[in-house]
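Note sheet for the following structure.
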Amino acid sequence: MERILIIDDDYAVFRTLATLITRMGCEAAWRKTLNEGLSEVEHAAYDVVLLDVNLPDGSGLDVVSRLRKVPSHPEVIIMTGFGNPDGAEIAVKNGAWDYIQKAASPQVVTLSLKRVLNYRKEKCRLGTKPVALKMNGLIGSSKPMTACFDQLARAASGEANVLISGETGTGKEIFARAIHANSSRCNGSMVVVDCAALPETLVECLLFGHEKGVYTGADKARQGLVAQADGGTLFLDEVGELPPAIQRVFLRVLQERRYRPVGGRNELPSNFRLVAATNRDLDKMVAEGRFRKDLLYRIRTINITLPSLKDRLDDIKPLTLYHLSKLCERYGIENKSVSPDFIDALGHYEWPGNVRELINALETAIANVGPEPTLYARHLPEVIRLTAIQDALEKTPAAAMPYIPAAQVSSKPFCAPLTSFKTFRKMIISQVEKAYLTTLLAQTDNSLDKSLDISGLSRSRFYDLLKQHNLSL
């Protein structure tokens, strides 16, 4: 009998869901808080968890990936009182099966449960063997990266076209190489095509090759990049830069896996697997008529979106240690150690250039430290050091005091029993933070985008603060 756990603090919701679940021939259990629910799934096996968003001890969105990792690996369906597109995005990226409103009809809930249970039955029948991925320099254990690694494993196991999206410097090419290295084509070539560097007048010749004498200087026939990728992987980097005229031609090549060299009479086969990457918004380019919609559908069979470094700050330290070791090895010097203030400073920076910028910052630090064995914050580029200092100043009581209502400020001595200064300061900062967040949510009508614009906080930091102060959107 399938077992379903309901994590919701509303007894009426539990009774309604339990009735539906029982009618389906399944067993229902109930826990009222996140901590109780997590403890339950860690000690008992469940097929599905129906999870509320707003719970007494935090947001259900924060524990989706954690629930998915317990031994029974249950699927998670988010149940929310108020539909929120941003909440749905977070839920799906963290591995949730579905995101539905509590006000949905019983048929909607039942249908979602039937589908997820059928999926689990098929998955169990087929069986899955754990695979050790060749990571090829991919570093990270944060929730966003863990989700990307799961997608990598699925992409590597098949032959479908893959589109890797992400900001510049997030490691799209490294990810593409990992897909190739873990696929059945790993013994074939991985041919890299930088679409932004293709000269428009020669792009067809470079991609598809040409026959002898097709243009001045073509003294012999040449094989194109598509032919070189036969039996392997063709990686189109910055595919959004592919010239419009070539987009039409390449669409047919992608459909047929056949191409015609420039000046050639016959089409030739090429059994390549396509992986593409972009830092552009291809949907916007389609709407503007700068990218073919049918080509986008073809290349985006599997879509992997890599997170920016500011959204995976938990990975800063392992990334730093890994790349620092590689850099020291390249320069032929003893490996450098890092001080706590060095790592702390890195965690305060927004990293617009992502991992690539982090590597450059480490190179600067190595150059600045000279023969000394330990890297300190003072060895980092000035912009990173200043960001850390400014963040520290903003979090002191002096910076926070202007938010305290004037009516609460008094020249009289503090009459309550005194604690240590450190404890008192922490208490005041916590009060001011909560007052600021409460006012911010009220003035923006609980809009996530407006709150982030006004506060200047990153999405992950904003949700951390909401959780810390028991607030929610």
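Going through the structure tokens in order, the chains are called A, B, and so on, while each chain numbers its residues from 1 and the ligands are numbered from 1 in the order shown.
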Notebook entry, point to check: Any idea what's packed within 10 Å of Ser455 of chain A, counting only C-alpha atoms, ignoring anything in its chain fewer than 4 positions away? Could you give it as JSON, numbers by chain?
Noted result: {"A": [436, 437, 440, 450, 451, 462]}
Next item on the list: DSSP on the backbone, then: every residue of segment 90-328 of chain A marked strand (DSSP E or B), written as a ChimeraX atom specification.
Entry: /A:98-101,162-165,190-194,210,222,233-237,258-259,262,268-269,273-278,302-305
Taking C-alpha atoms for each residue, export the selection above as a PDB file, in the first residue's frame.
ATOM      1  CA  ASP A  98       3.776  19.541  -8.580  1.00  0.00           C
ATOM      2  CA  TYR A  99       2.619  22.874  -7.139  1.00  0.00           C
ATOM      3  CA  ILE A 100      -1.118  23.174  -6.556  1.00  0.00           C
ATOM      4  CA  GLN A 101      -3.482  25.373  -4.575  1.00  0.00           C
ATOM      5  CA  VAL A 162      20.362  19.851 -24.586  1.00  0.00           C
ATOM      6  CA  LEU A 163      20.298  23.624 -24.078  1.00  0.00           C
ATOM      7  CA  ILE A 164      22.390  24.966 -21.198  1.00  0.00           C
ATOM      8  CA  SER A 165      21.394  28.476 -20.105  1.00  0.00           C
ATOM      9  CA  MET A 190      33.395  16.785 -28.736  1.00  0.00           C
ATOM     10  CA  VAL A 191      33.528  19.558 -31.304  1.00  0.00           C
ATOM     11  CA  VAL A 192      33.190  23.077 -29.875  1.00  0.00           C
ATOM     12  CA  VAL A 193      31.733  25.824 -32.074  1.00  0.00           C
ATOM     13  CA  ASP A 194      31.850  29.410 -30.772  1.00  0.00           C
ATOM     14  CA  HIS A 210      33.328  22.741 -48.798  1.00  0.00           C
ATOM     15  CA  ARG A 222      37.736  20.536 -46.377  1.00  0.00           C
ATOM     16  CA  THR A 233      28.927  15.681 -29.570  1.00  0.00           C
ATOM     17  CA  LEU A 234      28.519  19.006 -31.361  1.00  0.00           C
ATOM     18  CA  PHE A 235      28.631  21.867 -28.847  1.00  0.00           C
ATOM     19  CA  LEU A 236      27.249  25.184 -30.103  1.00  0.00           C
ATOM     20  CA  ASP A 237      28.424  27.793 -27.610  1.00  0.00           C
ATOM     21  CA  ARG A 258      22.403  15.169 -42.877  1.00  0.00           C
ATOM     22  CA  TYR A 259      24.259  18.138 -44.389  1.00  0.00           C
ATOM     23  CA  VAL A 262      29.264  24.092 -49.794  1.00  0.00           C
ATOM     24  CA  LEU A 268      26.222  13.394 -46.230  1.00  0.00           C
ATOM     25  CA  PRO A 269      25.215  11.867 -42.868  1.00  0.00           C
ATOM     26  CA  ARG A 273      24.445  14.715 -30.501  1.00  0.00           C
ATOM     27  CA  LEU A 274      23.713  18.433 -30.046  1.00  0.00           C
ATOM     28  CA  VAL A 275      24.477  20.377 -26.883  1.00  0.00           C
ATOM     29  CA  ALA A 276      24.019  24.156 -27.070  1.00  0.00           C
ATOM     30  CA  ALA A 277      24.622  26.978 -24.611  1.00  0.00           C
ATOM     31  CA  THR A 278      23.542  30.594 -24.303  1.00  0.00           C
ATOM     32  CA  ILE A 302      16.318  19.251 -22.249  1.00  0.00           C
ATOM     33  CA  ASN A 303      16.905  22.642 -20.651  1.00  0.00           C
ATOM     34  CA  ILE A 304      19.470  23.065 -17.870  1.00  0.00           C
ATOM     35  CA  THR A 305      19.707  26.523 -16.282  1.00  0.00           C
TER      36      THR A 305
END
Next item on the list: Pick out each residue of segment 19-210 of chain A that DSSP on the backbone tags as alpha helix (DSSP H); I need them as a ChimeraX atom specification.
Entry: /A:19-23,34-43,64-68,85-93,106-126,143-156,172-181,203-208
Convert the current residue selection to file output with C-alpha atoms, as a PDB file, in the first residue's frame.
ATOM      1  CA  THR A  19     -10.327  11.219   2.881  1.00  0.00           C
ATOM      2  CA  LEU A  20      -9.185  11.524  -0.750  1.00  0.00           C
ATOM      3  CA  ILE A  21      -6.083   9.444  -0.083  1.00  0.00           C
ATOM      4  CA  THR A  22      -8.007   6.681   1.691  1.00  0.00           C
ATOM      5  CA  ARG A  23     -10.488   6.462  -1.188  1.00  0.00           C
ATOM      6  CA  LEU A  34       8.515  20.979   9.188  1.00  0.00           C
ATOM      7  CA  ASN A  35      10.630  19.477  11.961  1.00  0.00           C
ATOM      8  CA  GLU A  36       8.030  16.807  12.709  1.00  0.00           C
ATOM      9  CA  GLY A  37       7.659  16.038   8.999  1.00  0.00           C
ATOM     10  CA  LEU A  38      11.408  15.777   8.401  1.00  0.00           C
ATOM     11  CA  SER A  39      11.818  13.526  11.411  1.00  0.00           C
ATOM     12  CA  GLU A  40       8.989  11.298  10.162  1.00  0.00           C
ATOM     13  CA  VAL A  41      10.369  10.766   6.637  1.00  0.00           C
ATOM     14  CA  GLU A  42      13.841  10.084   8.016  1.00  0.00           C
ATOM     15  CA  HIS A  43      12.502   7.188  10.099  1.00  0.00           C
ATOM     16  CA  VAL A  64      11.873  20.202  -0.759  1.00  0.00           C
ATOM     17  CA  SER A  65      15.352  19.046  -1.768  1.00  0.00           C
ATOM     18  CA  ARG A  66      16.014  17.773   1.759  1.00  0.00           C
ATOM     19  CA  LEU A  67      12.840  15.665   1.690  1.00  0.00           C
ATOM     20  CA  ARG A  68      13.837  14.258  -1.697  1.00  0.00           C
ATOM     21  CA  PRO A  85       4.606  32.032  -9.667  1.00  0.00           C
ATOM     22  CA  ASP A  86       7.904  32.671  -7.868  1.00  0.00           C
ATOM     23  CA  GLY A  87       7.077  30.004  -5.293  1.00  0.00           C
ATOM     24  CA  ALA A  88       6.230  27.570  -8.081  1.00  0.00           C
ATOM     25  CA  GLU A  89       9.577  28.296  -9.769  1.00  0.00           C
ATOM     26  CA  ILE A  90      11.492  27.652  -6.544  1.00  0.00           C
ATOM     27  CA  ALA A  91       9.528  24.455  -5.884  1.00  0.00           C
ATOM     28  CA  VAL A  92      10.142  23.005  -9.341  1.00  0.00           C
ATOM     29  CA  LYS A  93      13.843  23.918  -9.323  1.00  0.00           C
ATOM     30  CA  PRO A 106     -10.606  17.140  -5.346  1.00  0.00           C
ATOM     31  CA  GLN A 107     -10.248  15.918  -8.931  1.00  0.00           C
ATOM     32  CA  VAL A 108      -7.110  18.044  -9.446  1.00  0.00           C
ATOM     33  CA  VAL A 109      -5.509  16.741  -6.254  1.00  0.00           C
ATOM     34  CA  THR A 110      -6.465  13.143  -7.006  1.00  0.00           C
ATOM     35  CA  LEU A 111      -5.145  13.374 -10.581  1.00  0.00           C
ATOM     36  CA  SER A 112      -1.789  14.731  -9.385  1.00  0.00           C
ATOM     37  CA  LEU A 113      -1.498  11.925  -6.831  1.00  0.00           C
ATOM     38  CA  LYS A 114      -2.430   9.226  -9.356  1.00  0.00           C
ATOM     39  CA  ARG A 115       0.186  10.472 -11.798  1.00  0.00           C
ATOM     40  CA  VAL A 116       2.970  10.612  -9.251  1.00  0.00           C
ATOM     41  CA  LEU A 117       2.126   7.152  -7.884  1.00  0.00           C
ATOM     42  CA  ASN A 118       2.088   5.684 -11.413  1.00  0.00           C
ATOM     43  CA  TYR A 119       5.468   7.289 -12.018  1.00  0.00           C
ATOM     44  CA  ARG A 120       6.877   5.683  -8.874  1.00  0.00           C
ATOM     45  CA  LYS A 121       5.514   2.268  -9.830  1.00  0.00           C
ATOM     46  CA  GLU A 122       7.134   2.443 -13.263  1.00  0.00           C
ATOM     47  CA  LYS A 123      10.378   3.710 -11.780  1.00  0.00           C
ATOM     48  CA  CYS A 124      10.414   0.852  -9.270  1.00  0.00           C
ATOM     49  CA  ARG A 125       9.607  -1.737 -11.957  1.00  0.00           C
ATOM     50  CA  LEU A 126      12.391  -0.572 -14.257  1.00  0.00           C
ATOM     51  CA  LYS A 143      20.683  22.994  -3.586  1.00  0.00           C
ATOM     52  CA  PRO A 144      20.753  24.762  -6.982  1.00  0.00           C
ATOM     53  CA  MET A 145      23.818  22.828  -8.129  1.00  0.00           C
ATOM     54  CA  THR A 146      22.549  19.498  -6.823  1.00  0.00           C
ATOM     55  CA  ALA A 147      19.433  19.959  -8.952  1.00  0.00           C
ATOM     56  CA  CYS A 148      21.631  20.737 -11.990  1.00  0.00           C
ATOM     57  CA  PHE A 149      23.730  17.624 -11.384  1.00  0.00           C
ATOM     58  CA  ASP A 150      20.548  15.525 -11.374  1.00  0.00           C
ATOM     59  CA  GLN A 151      19.621  17.057 -14.751  1.00  0.00           C
ATOM     60  CA  LEU A 152      23.149  16.384 -15.997  1.00  0.00           C
ATOM     61  CA  ALA A 153      22.816  12.702 -15.133  1.00  0.00           C
ATOM     62  CA  ARG A 154      19.492  12.451 -16.974  1.00  0.00           C
ATOM     63  CA  ALA A 155      20.856  14.313 -20.004  1.00  0.00           C
ATOM     64  CA  ALA A 156      23.971  12.134 -20.156  1.00  0.00           C
ATOM     65  CA  LYS A 172      28.274  26.234 -19.361  1.00  0.00           C
ATOM     66  CA  GLU A 173      31.085  24.704 -21.423  1.00  0.00           C
ATOM     67  CA  ILE A 174      32.363  22.674 -18.462  1.00  0.00           C
ATOM     68  CA  PHE A 175      28.818  21.377 -17.996  1.00  0.00           C
ATOM     69  CA  ALA A 176      28.606  20.481 -21.698  1.00  0.00           C
ATOM     70  CA  ARG A 177      31.895  18.588 -21.458  1.00  0.00           C
ATOM     71  CA  ALA A 178      30.573  16.692 -18.427  1.00  0.00           C
ATOM     72  CA  ILE A 179      27.457  15.653 -20.384  1.00  0.00           C
ATOM     73  CA  HIS A 180      29.680  14.367 -23.197  1.00  0.00           C
ATOM     74  CA  ALA A 181      32.101  12.600 -20.820  1.00  0.00           C
ATOM     75  CA  VAL A 203      29.986  30.189 -41.423  1.00  0.00           C
ATOM     76  CA  GLU A 204      28.510  27.621 -43.849  1.00  0.00           C
ATOM     77  CA  CYS A 205      31.956  26.457 -44.944  1.00  0.00           C
ATOM     78  CA  LEU A 206      33.124  26.117 -41.351  1.00  0.00           C
ATOM     79  CA  LEU A 207      30.050  24.171 -40.260  1.00  0.00           C
ATOM     80  CA  PHE A 208      29.432  21.988 -43.302  1.00  0.00           C
TER      81      PHE A 208
END
Next item on the list: Could you please determine the separation between atom CA of Tyr46 of chain A and atom CA of Glu2 of chain A in Å, to one decimal place?
Entry: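 Taking atom CA of Tyr46 of chain A as the start and atom CA of Glu2 of chain A as the end point, the length is 7.4 Å.
Atom pair atom CA of Phe291 of chain A / atom CA of Gly240 of chain A has a distance of 7.2 Å (rounded to one decimal).
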Next item on the list: Would you mind listing what lies within 12 Å of Gly140 of chain A as a ChimeraX atom specification, with only C-alpha atoms counted and same-chain residues fewer than 2 positions away left out?
Entry: /A:135,137-138,142-149,171,306-307,309,311-322,355
Convert the current residue selection to file output with N, CA, C and O atoms, as a JSON list (two decimals), in the first residue's frame.
[["chain", "number", "residue", "atom", "x", "y", "z"],
["A", 135, "MET", "N", 32.85, 14.33, -12.98],
["A", 135, "MET", "CA", 32.46, 15.72, -12.78],
["A", 135, "MET", "C", 33.32, 16.71, -13.56],
["A", 135, "MET", "O", 32.90, 17.84, -13.80],
["A", 137, "GLY", "N", 35.70, 18.82, -12.98],
["A", 137, "GLY", "CA", 35.88, 20.17, -12.46],
["A", 137, "GLY", "C", 34.62, 20.85, -12.01],
["A", 137, "GLY", "O", 34.65, 22.02, -11.61],
["A", 138, "LEU", "N", 33.47, 20.17, -12.08],
["A", 138, "LEU", "CA", 32.23, 20.75, -11.57],
["A", 138, "LEU", "C", 32.20, 20.61, -10.06],
["A", 138, "LEU", "O", 32.25, 19.50, -9.53],
["A", 142, "SER", "N", 25.52, 22.84, -3.15],
["A", 142, "SER", "CA", 24.35, 23.65, -2.81],
["A", 142, "SER", "C", 23.11, 23.08, -3.49],
["A", 142, "SER", "O", 23.20, 22.31, -4.43],
["A", 143, "LYS", "N", 21.94, 23.49, -3.02],
["A", 143, "LYS", "CA", 20.68, 22.99, -3.59],
["A", 143, "LYS", "C", 20.56, 23.29, -5.08],
["A", 143, "LYS", "O", 20.18, 22.40, -5.86],
["A", 144, "PRO", "N", 20.88, 24.52, -5.54],
["A", 144, "PRO", "CA", 20.75, 24.76, -6.98],
["A", 144, "PRO", "C", 21.66, 23.87, -7.82],
["A", 144, "PRO", "O", 21.26, 23.38, -8.87],
["A", 145, "MET", "N", 22.90, 23.64, -7.35],
["A", 145, "MET", "CA", 23.82, 22.83, -8.13],
["A", 145, "MET", "C", 23.46, 21.35, -8.07],
["A", 145, "MET", "O", 23.62, 20.62, -9.06],
["A", 146, "THR", "N", 22.97, 20.90, -6.94],
["A", 146, "THR", "CA", 22.55, 19.50, -6.82],
["A", 146, "THR", "C", 21.45, 19.20, -7.83],
["A", 146, "THR", "O", 21.45, 18.14, -8.49],
["A", 147, "ALA", "N", 20.51, 20.14, -7.97],
["A", 147, "ALA", "CA", 19.43, 19.96, -8.95],
["A", 147, "ALA", "C", 20.00, 19.91, -10.38],
["A", 147, "ALA", "O", 19.56, 19.11, -11.20],
["A", 148, "CYS", "N", 21.01, 20.75, -10.66],
["A", 148, "CYS", "CA", 21.63, 20.74, -11.99],
["A", 148, "CYS", "C", 22.38, 19.43, -12.25],
["A", 148, "CYS", "O", 22.37, 18.92, -13.38],
["A", 149, "PHE", "N", 23.02, 18.89, -11.22],
["A", 149, "PHE", "CA", 23.73, 17.62, -11.38],
["A", 149, "PHE", "C", 22.75, 16.48, -11.68],
["A", 149, "PHE", "O", 23.07, 15.57, -12.46],
["A", 171, "GLY", "N", 29.93, 28.46, -16.15],
["A", 171, "GLY", "CA", 30.50, 27.15, -16.42],
["A", 171, "GLY", "C", 29.72, 26.32, -17.41],
["A", 171, "GLY", "O", 29.69, 25.09, -17.30],
["A", 306, "LEU", "N", 21.88, 27.02, -15.35],
["A", 306, "LEU", "CA", 22.90, 27.06, -14.31],
["A", 306, "LEU", "C", 22.71, 28.29, -13.43],
["A", 306, "LEU", "O", 22.48, 29.39, -13.94],
["A", 307, "PRO", "N", 22.79, 28.13, -12.11],
["A", 307, "PRO", "CA", 22.61, 29.27, -11.21],
["A", 307, "PRO", "C", 23.81, 30.19, -11.23],
["A", 307, "PRO", "O", 24.94, 29.78, -11.49],
["A", 309, "LEU", "N", 26.59, 32.58, -9.34],
["A", 309, "LEU", "CA", 27.37, 32.29, -8.14],
["A", 309, "LEU", "C", 26.75, 32.93, -6.90],
["A", 309, "LEU", "O", 26.81, 32.37, -5.81],
["A", 311, "ASP", "N", 23.78, 33.03, -6.15],
["A", 311, "ASP", "CA", 22.67, 32.18, -5.69],
["A", 311, "ASP", "C", 23.14, 30.83, -5.17],
["A", 311, "ASP", "O", 22.33, 29.96, -4.85],
["A", 312, "ARG", "N", 24.46, 30.64, -5.10],
["A", 312, "ARG", "CA", 25.00, 29.38, -4.56],
["A", 312, "ARG", "C", 26.25, 29.68, -3.72],
["A", 312, "ARG", "O", 27.31, 29.09, -3.88],
["A", 313, "LEU", "N", 26.09, 30.65, -2.81],
["A", 313, "LEU", "CA", 27.22, 31.10, -1.99],
["A", 313, "LEU", "C", 27.77, 29.99, -1.10],
["A", 313, "LEU", "O", 28.93, 30.07, -0.67],
["A", 314, "ASP", "N", 26.97, 28.96, -0.83],
["A", 314, "ASP", "CA", 27.47, 27.82, -0.05],
["A", 314, "ASP", "C", 28.63, 27.12, -0.76],
["A", 314, "ASP", "O", 29.42, 26.41, -0.12],
["A", 315, "ASP", "N", 28.72, 27.32, -2.08],
["A", 315, "ASP", "CA", 29.77, 26.65, -2.85],
["A", 315, "ASP", "C", 31.05, 27.48, -2.96],
["A", 315, "ASP", "O", 32.02, 27.03, -3.58],
["A", 316, "ILE", "N", 31.04, 28.69, -2.39],
["A", 316, "ILE", "CA", 32.21, 29.57, -2.51],
["A", 316, "ILE", "C", 33.48, 28.90, -1.97],
["A", 316, "ILE", "O", 34.52, 28.89, -2.63],
["A", 317, "LYS", "N", 33.40, 28.33, -0.77],
["A", 317, "LYS", "CA", 34.60, 27.77, -0.16],
["A", 317, "LYS", "C", 35.14, 26.58, -0.96],
["A", 317, "LYS", "O", 36.34, 26.56, -1.29],
["A", 318, "PRO", "N", 34.32, 25.56, -1.29],
["A", 318, "PRO", "CA", 34.88, 24.44, -2.07],
["A", 318, "PRO", "C", 35.39, 24.87, -3.45],
["A", 318, "PRO", "O", 36.40, 24.36, -3.93],
["A", 319, "LEU", "N", 34.71, 25.84, -4.07],
["A", 319, "LEU", "CA", 35.19, 26.34, -5.36],
["A", 319, "LEU", "C", 36.54, 27.02, -5.21],
["A", 319, "LEU", "O", 37.45, 26.83, -6.03],
["A", 320, "THR", "N", 36.66, 27.81, -4.14],
["A", 320, "THR", "CA", 37.92, 28.52, -3.89],
["A", 320, "THR", "C", 39.07, 27.55, -3.68],
["A", 320, "THR", "O", 40.14, 27.69, -4.27],
["A", 321, "LEU", "N", 38.87, 26.56, -2.83],
["A", 321, "LEU", "CA", 39.93, 25.61, -2.53],
["A", 321, "LEU", "C", 40.32, 24.79, -3.76],
["A", 321, "LEU", "O", 41.50, 24.52, -4.00],
["A", 322, "TYR", "N", 39.32, 24.41, -4.57],
["A", 322, "TYR", "CA", 39.60, 23.62, -5.77],
["A", 322, "TYR", "C", 40.42, 24.43, -6.78],
["A", 322, "TYR", "O", 41.47, 23.97, -7.26],
["A", 355, "VAL", "N", 31.74, 32.28, -11.63],
["A", 355, "VAL", "CA", 32.91, 31.47, -11.28],
["A", 355, "VAL", "C", 34.16, 31.96, -12.01],
["A", 355, "VAL", "O", 35.26, 31.95, -11.45]]
Residues of segment 249-277 of chain A within 8 Å of segment 211-220 of chain A: nearest atom pair and distance (Å, one decimal) for each, counting only C-alpha atoms, sorted by chain and number, as a tab-separated table?
residue	atom	partner	partner_atom	distance
A:Pro261	CA	A:Glu211	CA	6.7
A:Val262	CA	A:Glu211	CA	6.3
A:Gly263	CA	A:Glu211	CA	5.5
A:Gly264	CA	A:Glu211	CA	6.0
Next item on the list: Write out as a list in words which residues come within 7 Å of Arg292 of chain A when counting only C-alpha atoms, dropping same-chain ones fewer than 4 positions away.
Entry: Gln247, Val286 and Leu296 of chain A
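The gap separating atom CA of Asn470 of chain A from atom CA of Thr423 of chain A is 20.0 Å, in Å to one decimal.
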Item checked: Nearest candidate to Leu55 of chain A (options A:Lys32, A:His379, A:Lys310, A:His469; using only C-alpha atoms) -> A:Lys32
Checklist line | Residue neighbourhood Leu375 of chain A, 9 Å, only C-alpha atoms, exclusion window fewer than 3 positions, as a list in words | finding: Lys336, Ser337, Val338, Ser339, Phe342, Ala365, Ile366, Asn368, Val369, Glu372, Arg378, His379 and Leu380 of chain A
How would the residues just chosen look if you wrote them out with C-alpha atoms as a CSV table (one decimal), in the first residue's frame?
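Contents of the output file again18.csv:
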chain,number,residue,atom,x,y,z
A,336,LYS,CA,48.4,28.5,-0.5
A,337,SER,CA,46.2,28.3,2.6
A,338,VAL,CA,43.3,30.7,3.2
A,339,SER,CA,42.3,32.7,6.3
A,342,PHE,CA,39.4,35.7,3.0
A,365,ALA,CA,45.3,37.2,-4.7
A,366,ILE,CA,48.1,34.8,-5.6
A,368,ASN,CA,49.5,40.0,-4.4
A,369,VAL,CA,50.6,37.5,-1.6
A,372,GLU,CA,53.7,34.2,1.8
A,378,ARG,CA,43.7,42.2,1.9
A,379,HIS,CA,45.1,40.2,-1.0
A,380,LEU,CA,41.8,40.3,-2.9
Next item on the list: For Pro352 of chain A, please output as a PyMOL selection string all residues within 12 Å (counting only C-alpha atoms; exclusion window: fewer than 4 positions along the same chain).
Entry: chain A and resi 166-170+307-311+356-358+383-384
